[in-house]
Structure formats: structure tokens, C-alpha cells
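Presented below is the structure to which this report refers.
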Amino acid sequence: MSEPEPSTEFARVPAASVITACLSAQASVAPRSALAKLFGRSPLSADSRPWYLGALGERRVAKRLDALGDEWTVLHSVPIGERGSDIDHVALGPPGLFTVNTKFHEDATMWVGNRRLLVNGQPTDHLRNARFEAQRVTRLMTTVTGIPVTVTPILAIVGARDITFKEHPADVIVLREGELARWLKRRQAALAPTDRERLATAVARQETWMPKPAASTTHQVAAFESLQRDVEQAHRVRRLWSAGALITGIGIAAAVAGNAYSGLISALIGG
């Protein structure tokens with residue numbers, strides 16, 4: 001009896017590359033002491049924290065995209081080129097083909113113009129990189145399918161406190177994470193059924209993106225989720241300490257005020 005042929009369907013977990021980088025940076029961090037855990041010190045290092053936030057962002061956006069429904073084909077951590085680069089998400093649906101670049105900017109102020117995007121006043125390459133990703137997928141899909149393909153780049157912003165649009169970029173869609181699925185679903189159908197079917201077949205095949213299946217990342221995902229639980233637990237502990245300090249401060253202030261009031265009454269009575 002012959003062995004079944006291996007599946008050629010593409011499958012990668014969300015944030016696969018970023019999780020790998022986060023765990024690699026975290027590997028050199030010494031375990032926290034019991035005292036550090038007691039006071040809620042984060043297990044993350046300065047090097048691993050940006051990767052950690054990036055992974056959180058990609059996983060949050062992945063959940064939004066995965067909920068689009070059966071009309072959509074969604075991929076995550078899609079490898080592109082031969083230098084280890086990947087695209088956070090690729091989404092194909094009735095309106096067309098989209099690349100989604102996720103950016104987690106915790107509590108940041110962002111400014112968006114046609115050609116520039118600033119984070120806390122600092123220029124970024126976000127728009128340029130989003131355009132570049134879409135161009136690479138456009139060329140690849142046009143070659144693989146033999147039909148003209150247009151890919152729309154999207155920047156999905158996670159965690160920003162405020163986003164100011166001076167201008168909307170002409171060729172990159174900039175959205176908050178929570179706006180992403182709604183925006184995609186409201187686009188009008190633009191692909192002919194036959195073109196969409198051909199694209200869906202090409203997008204879903206592993207060979208389109210990489211010559212052989214990637215190694216399993218199940219153990220890395222489990223390690224990341226364990227780290228995430230530790231980070232969240234440390235955050236809860238710090239909040240408890242902050243709440244305790246606040247309550248203590250209010251109690252001291254109330255006691256001082258009470259003593260002052262008693263002193264005032266005594267003085268008035270004595271007078």
C-alpha cells in the first residue's frame with residue numbers, strides 16, 4: 001500500500017517569525033527571582049519586548065481576518081523571497097487580493113500623510129514597506145497564475161492611542177485593527193469568479209511561497225503563550241500593588257484630615 005502524498009496546502013501560524021525572534025531574544029534572560037515575581041517585574045527584556053508586542057499584534061489581526069468567512073482565503077506569516085522575509089497576512093476575497101502589514105504601537109500618537117507616517121513624531125518606513133510587499137506579491141501571483149493581478153497593501157495599526165490623518169495615502173490603506181474586517185467586507189466584488197478561483201488555488205499552495213514545508217512551530221507557540229501568561233500575571237500583580245498603594249495613601253490622607261479636624265474642634269471648644 002503506497003504512502004499518501006503529503007498535502008501541498010500552505011499553513012503557517014500567525015506571527016511565526018516574530019514569535020521565533022521573541023523567544024530567541026528571551027532565551028538569554030535570567031529567570032526572575034521570587035522577589036521579582038512578588039513585585040510583578042515583567043519577564044521580558046528590553047530586547048524581547050518589541051518582538052513580543054509585534055507577535056501580539058499579528059495574532060490579534062489574524063483573529064480578525066480568520067473571522068471573515070468562507071468567501072475568504074487567509075494566510076499568515078507568508079514567506080517571500082530567499083532572505084527569510086515574510087508578509088504578516090495575505091487575504092483573498094471577492095474584492096481582490098490584499099497584503100496586511102501589522103504594526104503594534106503601544107499608546108502611541110501617529111500622524112499619517114500621503115507619503116509619510118510618523119510614530120510619536122518619528123518617521124517610519126511603514127508605508128514604503130507595505131507598498132513593497134504588495135508589489136512583490138503582485139509580480140509573484142501574476143507569474144504563477146498567468147493573469148494580471150493587482151494587490152492592495154493594508155497597514156493594520158494595533159495599540160495606538162491616536163491616529164491623525166492629514167492625508168490618506170493614495171496606494172496604502174491605513175486602518176486600526178478593529179476597522180479591518182468591516183472595511184474588507186464592505187468592498188465591492190472586483191474579481192471574476194474564474195480569476196478568483198485560480199488565485200485561490202495558487203494562494204493556498206505551499207509551493208507558491210516556499211519550496212518545501214516549514215518546520216512545525218507548535219512548540220514555539222506553546223512557549224510564547226506560556227510567556228504571555230507570565231507577562232499578564234506580572235501586569236496584574238503590579239496593578240494590585242498600585243491599587244494597594246493608592247488605598248494606603250487615601251487612608252493616610254483621611255487619617256491626617258481627621259486628626260486636623262479633631263484638633264480644630266478641640267481648639268474651638270477650648271476657645
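By convention in this document, the chains of the C-alpha cells carry letters A, B, ... by their order, each chain's residues are numbered from 1, and ligands are numbered from 1 in the order they are shown.
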Subject >> Test item: residues at most 8 Å from region 29-43 of chain A, only C-alpha atoms, excluding those fewer than 5 positions along its chain, as a list in words >> reply: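 What passes the distance filter is Leu227, Asp230, Val231, Gln233, Ala234, His235, Arg236, Val237, Arg238 and Trp241 of chain A.
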Shell of 8 Å around Val174 (chain A), only C-alpha atoms, local chain residues under 2 positions omitted, as an mmCIF file with all heavy atoms, in the first residue's frame:
data_model
loop_
_atom_site.group_PDB
_atom_site.id
_atom_site.type_symbol
_atom_site.label_atom_id
_atom_site.label_comp_id
_atom_site.auth_asym_id
_atom_site.auth_seq_id
_atom_site.Cartn_x
_atom_site.Cartn_y
_atom_site.Cartn_z
ATOM 1 N N ILE A 154 -2.309 46.914 2.913
ATOM 2 C CA ILE A 154 -3.001 47.456 4.080
ATOM 3 C C ILE A 154 -2.032 47.509 5.252
ATOM 4 O O ILE A 154 -1.279 46.561 5.484
ATOM 5 C CB ILE A 154 -4.225 46.591 4.472
ATOM 6 C CG1 ILE A 154 -5.249 46.560 3.338
ATOM 7 C CG2 ILE A 154 -4.876 47.104 5.741
ATOM 8 C CD1 ILE A 154 -6.422 45.626 3.606
ATOM 9 N N LEU A 155 -2.056 48.599 5.990
ATOM 10 C CA LEU A 155 -1.367 48.708 7.279
ATOM 11 C C LEU A 155 -2.416 48.601 8.375
ATOM 12 O O LEU A 155 -3.338 49.429 8.450
ATOM 13 C CB LEU A 155 -0.647 50.047 7.404
ATOM 14 C CG LEU A 155 0.791 50.139 6.912
ATOM 15 C CD1 LEU A 155 1.291 51.572 7.060
ATOM 16 C CD2 LEU A 155 1.695 49.198 7.689
ATOM 17 N N ALA A 156 -2.312 47.579 9.208
ATOM 18 C CA ALA A 156 -3.240 47.392 10.324
ATOM 19 C C ALA A 156 -2.550 47.847 11.606
ATOM 20 O O ALA A 156 -1.550 47.261 12.017
ATOM 21 C CB ALA A 156 -3.663 45.933 10.430
ATOM 22 N N ILE A 157 -3.072 48.887 12.221
ATOM 23 C CA ILE A 157 -2.446 49.503 13.388
ATOM 24 C C ILE A 157 -3.083 48.968 14.667
ATOM 25 O O ILE A 157 -4.308 48.986 14.822
ATOM 26 C CB ILE A 157 -2.584 51.037 13.348
ATOM 27 C CG1 ILE A 157 -2.064 51.585 12.006
ATOM 28 C CG2 ILE A 157 -1.853 51.664 14.520
ATOM 29 C CD1 ILE A 157 -0.622 51.277 11.725
ATOM 30 N N HIS A 168 -4.919 60.696 3.355
ATOM 31 C CA HIS A 168 -4.927 59.238 3.255
ATOM 32 C C HIS A 168 -4.009 58.840 2.108
ATOM 33 O O HIS A 168 -4.152 59.351 0.987
ATOM 34 C CB HIS A 168 -6.351 58.729 3.010
ATOM 35 C CG HIS A 168 -7.234 58.827 4.210
ATOM 36 N ND1 HIS A 168 -7.342 57.811 5.132
ATOM 37 C CD2 HIS A 168 -8.013 59.840 4.656
ATOM 38 C CE1 HIS A 168 -8.179 58.178 6.088
ATOM 39 N NE2 HIS A 168 -8.605 59.406 5.823
ATOM 40 N N PRO A 169 -3.047 57.955 2.356
ATOM 41 C CA PRO A 169 -2.150 57.536 1.275
ATOM 42 C C PRO A 169 -2.928 57.033 0.066
ATOM 43 O O PRO A 169 -3.934 56.324 0.209
ATOM 44 C CB PRO A 169 -1.330 56.414 1.925
ATOM 45 C CG PRO A 169 -1.376 56.724 3.391
ATOM 46 C CD PRO A 169 -2.737 57.300 3.636
ATOM 47 N N VAL A 172 -1.900 52.951 -0.163
ATOM 48 C CA VAL A 172 -1.831 52.079 1.018
ATOM 49 C C VAL A 172 -3.020 52.403 1.910
ATOM 50 O O VAL A 172 -3.260 53.576 2.233
ATOM 51 C CB VAL A 172 -0.519 52.268 1.809
ATOM 52 C CG1 VAL A 172 -0.502 51.351 3.032
ATOM 53 C CG2 VAL A 172 0.689 51.993 0.932
ATOM 54 N N ARG A 176 -7.132 51.023 11.722
ATOM 55 C CA ARG A 176 -6.993 50.394 13.039
ATOM 56 C C ARG A 176 -7.404 48.930 12.932
ATOM 57 O O ARG A 176 -8.232 48.557 12.093
ATOM 58 C CB ARG A 176 -7.860 51.104 14.074
ATOM 59 C CG ARG A 176 -7.327 52.459 14.524
ATOM 60 C CD ARG A 176 -8.176 52.993 15.656
ATOM 61 N NE ARG A 176 -7.731 54.289 16.142
ATOM 62 C CZ ARG A 176 -6.815 54.452 17.089
ATOM 63 N NH1 ARG A 176 -6.269 53.379 17.652
ATOM 64 N NH2 ARG A 176 -6.462 55.651 17.491
#
Original post:
CA of Glu167 (chain A) and CA of Trp111 (chain A) are how many Å apart?
Top reply: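 We find that CA of Glu167 (chain A) and CA of Trp111 (chain A) lie 9.3 Å from each other.
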**OP:** For each of A:Ala160, A:Ile80, A:Ala223, A:Ala91, take the minimum atom-to-atom distance to Pro211 (chain A), counting only C-alpha atoms, then give the residue where this is smallest.
**Re:** A:Ile80
With 8 Å as the cut-off and only C-alpha atoms counted, what is the closest atom pair between each nearby residue of region 143-205 of chain A and region 70-75 of chain A? Distances in Å to one decimal, ordered by chain and number, as a tab-separated table.
residue	atom	partner	partner_atom	distance
A:Ala200	CA	A:Thr73	CA	6.8
A:Val203	CA	A:Thr73	CA	8.0
A:Ala204	CA	A:Thr73	CA	7.6
For the residues selected in the previous step, produce a file with all heavy atoms as a PDB file, in the first residue's frame.
ATOM      1  N   ALA A 200      -7.230  31.671  -5.759  1.00  0.00           N
ATOM      2  CA  ALA A 200      -7.391  30.927  -4.501  1.00  0.00           C
ATOM      3  C   ALA A 200      -6.567  29.655  -4.512  1.00  0.00           C
ATOM      4  O   ALA A 200      -5.938  29.284  -3.504  1.00  0.00           O
ATOM      5  CB  ALA A 200      -8.866  30.614  -4.263  1.00  0.00           C
ATOM      6  N   VAL A 203      -2.814  30.750  -4.213  1.00  0.00           N
ATOM      7  CA  VAL A 203      -2.501  31.298  -2.891  1.00  0.00           C
ATOM      8  C   VAL A 203      -2.388  30.188  -1.854  1.00  0.00           C
ATOM      9  O   VAL A 203      -1.527  30.230  -0.966  1.00  0.00           O
ATOM     10  CB  VAL A 203      -3.577  32.327  -2.477  1.00  0.00           C
ATOM     11  CG1 VAL A 203      -3.506  32.621  -0.983  1.00  0.00           C
ATOM     12  CG2 VAL A 203      -3.412  33.614  -3.279  1.00  0.00           C
ATOM     13  N   ALA A 204      -3.260  29.188  -1.948  1.00  0.00           N
ATOM     14  CA  ALA A 204      -3.322  28.148  -0.919  1.00  0.00           C
ATOM     15  C   ALA A 204      -2.229  27.098  -1.051  1.00  0.00           C
ATOM     16  O   ALA A 204      -2.019  26.305  -0.137  1.00  0.00           O
ATOM     17  CB  ALA A 204      -4.689  27.463  -0.957  1.00  0.00           C
TER      18      ALA A 204
END
Subject >> Contacts of region 96-106 of chain A at 9 Å (only C-alpha atoms; same-chain gap of 6+ positions) as a count of residues only >> reply: 40
**OP:** Mind the document's chain letters and residue numbers, and return as JSON, numbers by chain the residues of region 80-215 of chain A that DSSP labels alpha helix (DSSP H).
**Re:** {"A": [126, 127, 128, 129, 130, 131, 132, 133, 134, 135, 136, 137, 138, 139, 140, 141, 142, 143, 144, 145, 180, 181, 182, 183, 184, 185, 193, 194, 195, 196, 197, 198, 199, 200, 201, 202, 203, 204, 206, 207, 208, 209]}
**OP:** Based on DSSP run over this structure's backbone, return all residues of region 33-176 of chain A in strand (DSSP E), as number ranges by chain.
**Re:** A: 73-79, 86-93, 96-104, 109-112, 117-119, 122-123, 151-158, 162-165, 173-176
Original post:
CA of Ala15 (chain A) and CA of Arg116 (chain A), how far apart in Å?
Top reply: 25.6 Å
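Residue nearest Ser17 (chain A), chosen from A:Gln206, A:Asn114, A:Thr217, A:Thr142 and counting only C-alpha atoms: A:Thr217.
The coordinates place CA of Pro79 (chain A) at 24.9 Å from CA of Gln228 (chain A).
For the set A:Lys185, A:Arg205, A:Ala170, A:Val18, the residue with the smallest atom-to-atom gap to Gly84 (chain A) is A:Val18, counting only C-alpha atoms.
Checking A:Gly81, A:Leu65, A:Thr20, A:Leu127 one by one against Asp171 (chain A), counting only C-alpha atoms, you find the shortest gap at A:Leu127.
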Original post:
With only C-alpha atoms as the atoms that count, which of A:Glu207, A:Glu179, A:Asp125, A:Asp195 lies nearest to Pro95 (chain A)?
Top reply: A:Asp195
Write out as a PDB file with N, CA, C and O atoms, in the first residue's frame each polymer residue whose atoms come within 12 Å of His219 (chain A), counting only C-alpha atoms; drop sequence neighbours fewer than 2 positions from it.
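Listed below is the output, selection-v1.pdb:
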ATOM      1  N   VAL A  13       1.347  29.392  11.242  1.00  0.00           N
ATOM      2  CA  VAL A  13       0.640  30.023  12.341  1.00  0.00           C
ATOM      3  C   VAL A  13       0.898  31.529  12.318  1.00  0.00           C
ATOM      4  O   VAL A  13       1.945  31.985  11.844  1.00  0.00           O
ATOM      5  N   ALA A  16       4.520  33.625  13.194  1.00  0.00           N
ATOM      6  CA  ALA A  16       5.518  32.562  13.354  1.00  0.00           C
ATOM      7  C   ALA A  16       6.936  33.123  13.449  1.00  0.00           C
ATOM      8  O   ALA A  16       7.704  32.763  14.356  1.00  0.00           O
ATOM      9  N   ILE A  19       7.425  35.353  16.667  1.00  0.00           N
ATOM     10  CA  ILE A  19       7.485  34.510  17.871  1.00  0.00           C
ATOM     11  C   ILE A  19       8.873  33.886  17.998  1.00  0.00           C
ATOM     12  O   ILE A  19       9.456  33.855  19.093  1.00  0.00           O
ATOM     13  N   THR A  20       9.415  33.398  16.884  1.00  0.00           N
ATOM     14  CA  THR A  20      10.759  32.820  16.901  1.00  0.00           C
ATOM     15  C   THR A  20      11.783  33.844  17.373  1.00  0.00           C
ATOM     16  O   THR A  20      12.650  33.556  18.204  1.00  0.00           O
ATOM     17  N   LEU A  23      11.329  34.596  21.208  1.00  0.00           N
ATOM     18  CA  LEU A  23      11.851  33.541  22.073  1.00  0.00           C
ATOM     19  C   LEU A  23      13.372  33.481  22.024  1.00  0.00           C
ATOM     20  O   LEU A  23      14.021  33.172  23.030  1.00  0.00           O
ATOM     21  N   ALA A 215       9.251  23.959   9.076  1.00  0.00           N
ATOM     22  CA  ALA A 215       9.252  23.129  10.284  1.00  0.00           C
ATOM     23  C   ALA A 215       8.085  23.522  11.191  1.00  0.00           C
ATOM     24  O   ALA A 215       7.631  24.671  11.188  1.00  0.00           O
ATOM     25  N   SER A 216       7.599  22.565  11.946  1.00  0.00           N
ATOM     26  CA  SER A 216       6.497  22.820  12.861  1.00  0.00           C
ATOM     27  C   SER A 216       6.884  23.858  13.910  1.00  0.00           C
ATOM     28  O   SER A 216       8.015  23.865  14.417  1.00  0.00           O
ATOM     29  N   THR A 217       5.954  24.746  14.202  1.00  0.00           N
ATOM     30  CA  THR A 217       6.195  25.774  15.225  1.00  0.00           C
ATOM     31  C   THR A 217       5.295  25.574  16.443  1.00  0.00           C
ATOM     32  O   THR A 217       5.163  26.482  17.256  1.00  0.00           O
ATOM     33  N   VAL A 221       4.899  28.117  19.666  1.00  0.00           N
ATOM     34  CA  VAL A 221       3.642  28.785  20.019  1.00  0.00           C
ATOM     35  C   VAL A 221       3.299  28.514  21.479  1.00  0.00           C
ATOM     36  O   VAL A 221       2.896  29.419  22.221  1.00  0.00           O
ATOM     37  N   ALA A 222       3.470  27.275  21.911  1.00  0.00           N
ATOM     38  CA  ALA A 222       3.196  26.930  23.304  1.00  0.00           C
ATOM     39  C   ALA A 222       4.110  27.703  24.246  1.00  0.00           C
ATOM     40  O   ALA A 222       3.671  28.198  25.297  1.00  0.00           O
ATOM     41  N   ALA A 223       5.393  27.832  23.878  1.00  0.00           N
ATOM     42  CA  ALA A 223       6.339  28.576  24.712  1.00  0.00           C
ATOM     43  C   ALA A 223       5.967  30.054  24.761  1.00  0.00           C
ATOM     44  O   ALA A 223       6.068  30.707  25.817  1.00  0.00           O
ATOM     45  N   PHE A 224       5.537  30.603  23.626  1.00  0.00           N
ATOM     46  CA  PHE A 224       5.141  32.012  23.603  1.00  0.00           C
ATOM     47  C   PHE A 224       3.902  32.244  24.460  1.00  0.00           C
ATOM     48  O   PHE A 224       3.819  33.236  25.204  1.00  0.00           O
ATOM     49  N   GLU A 225       2.943  31.361  24.365  1.00  0.00           N
ATOM     50  CA  GLU A 225       1.719  31.522  25.155  1.00  0.00           C
ATOM     51  C   GLU A 225       2.001  31.398  26.654  1.00  0.00           C
ATOM     52  O   GLU A 225       1.367  32.069  27.462  1.00  0.00           O
ATOM     53  N   SER A 226       2.970  30.567  27.027  1.00  0.00           N
ATOM     54  CA  SER A 226       3.390  30.493  28.423  1.00  0.00           C
ATOM     55  C   SER A 226       4.027  31.805  28.859  1.00  0.00           C
ATOM     56  O   SER A 226       3.750  32.316  29.963  1.00  0.00           O
TER      57      SER A 226
END
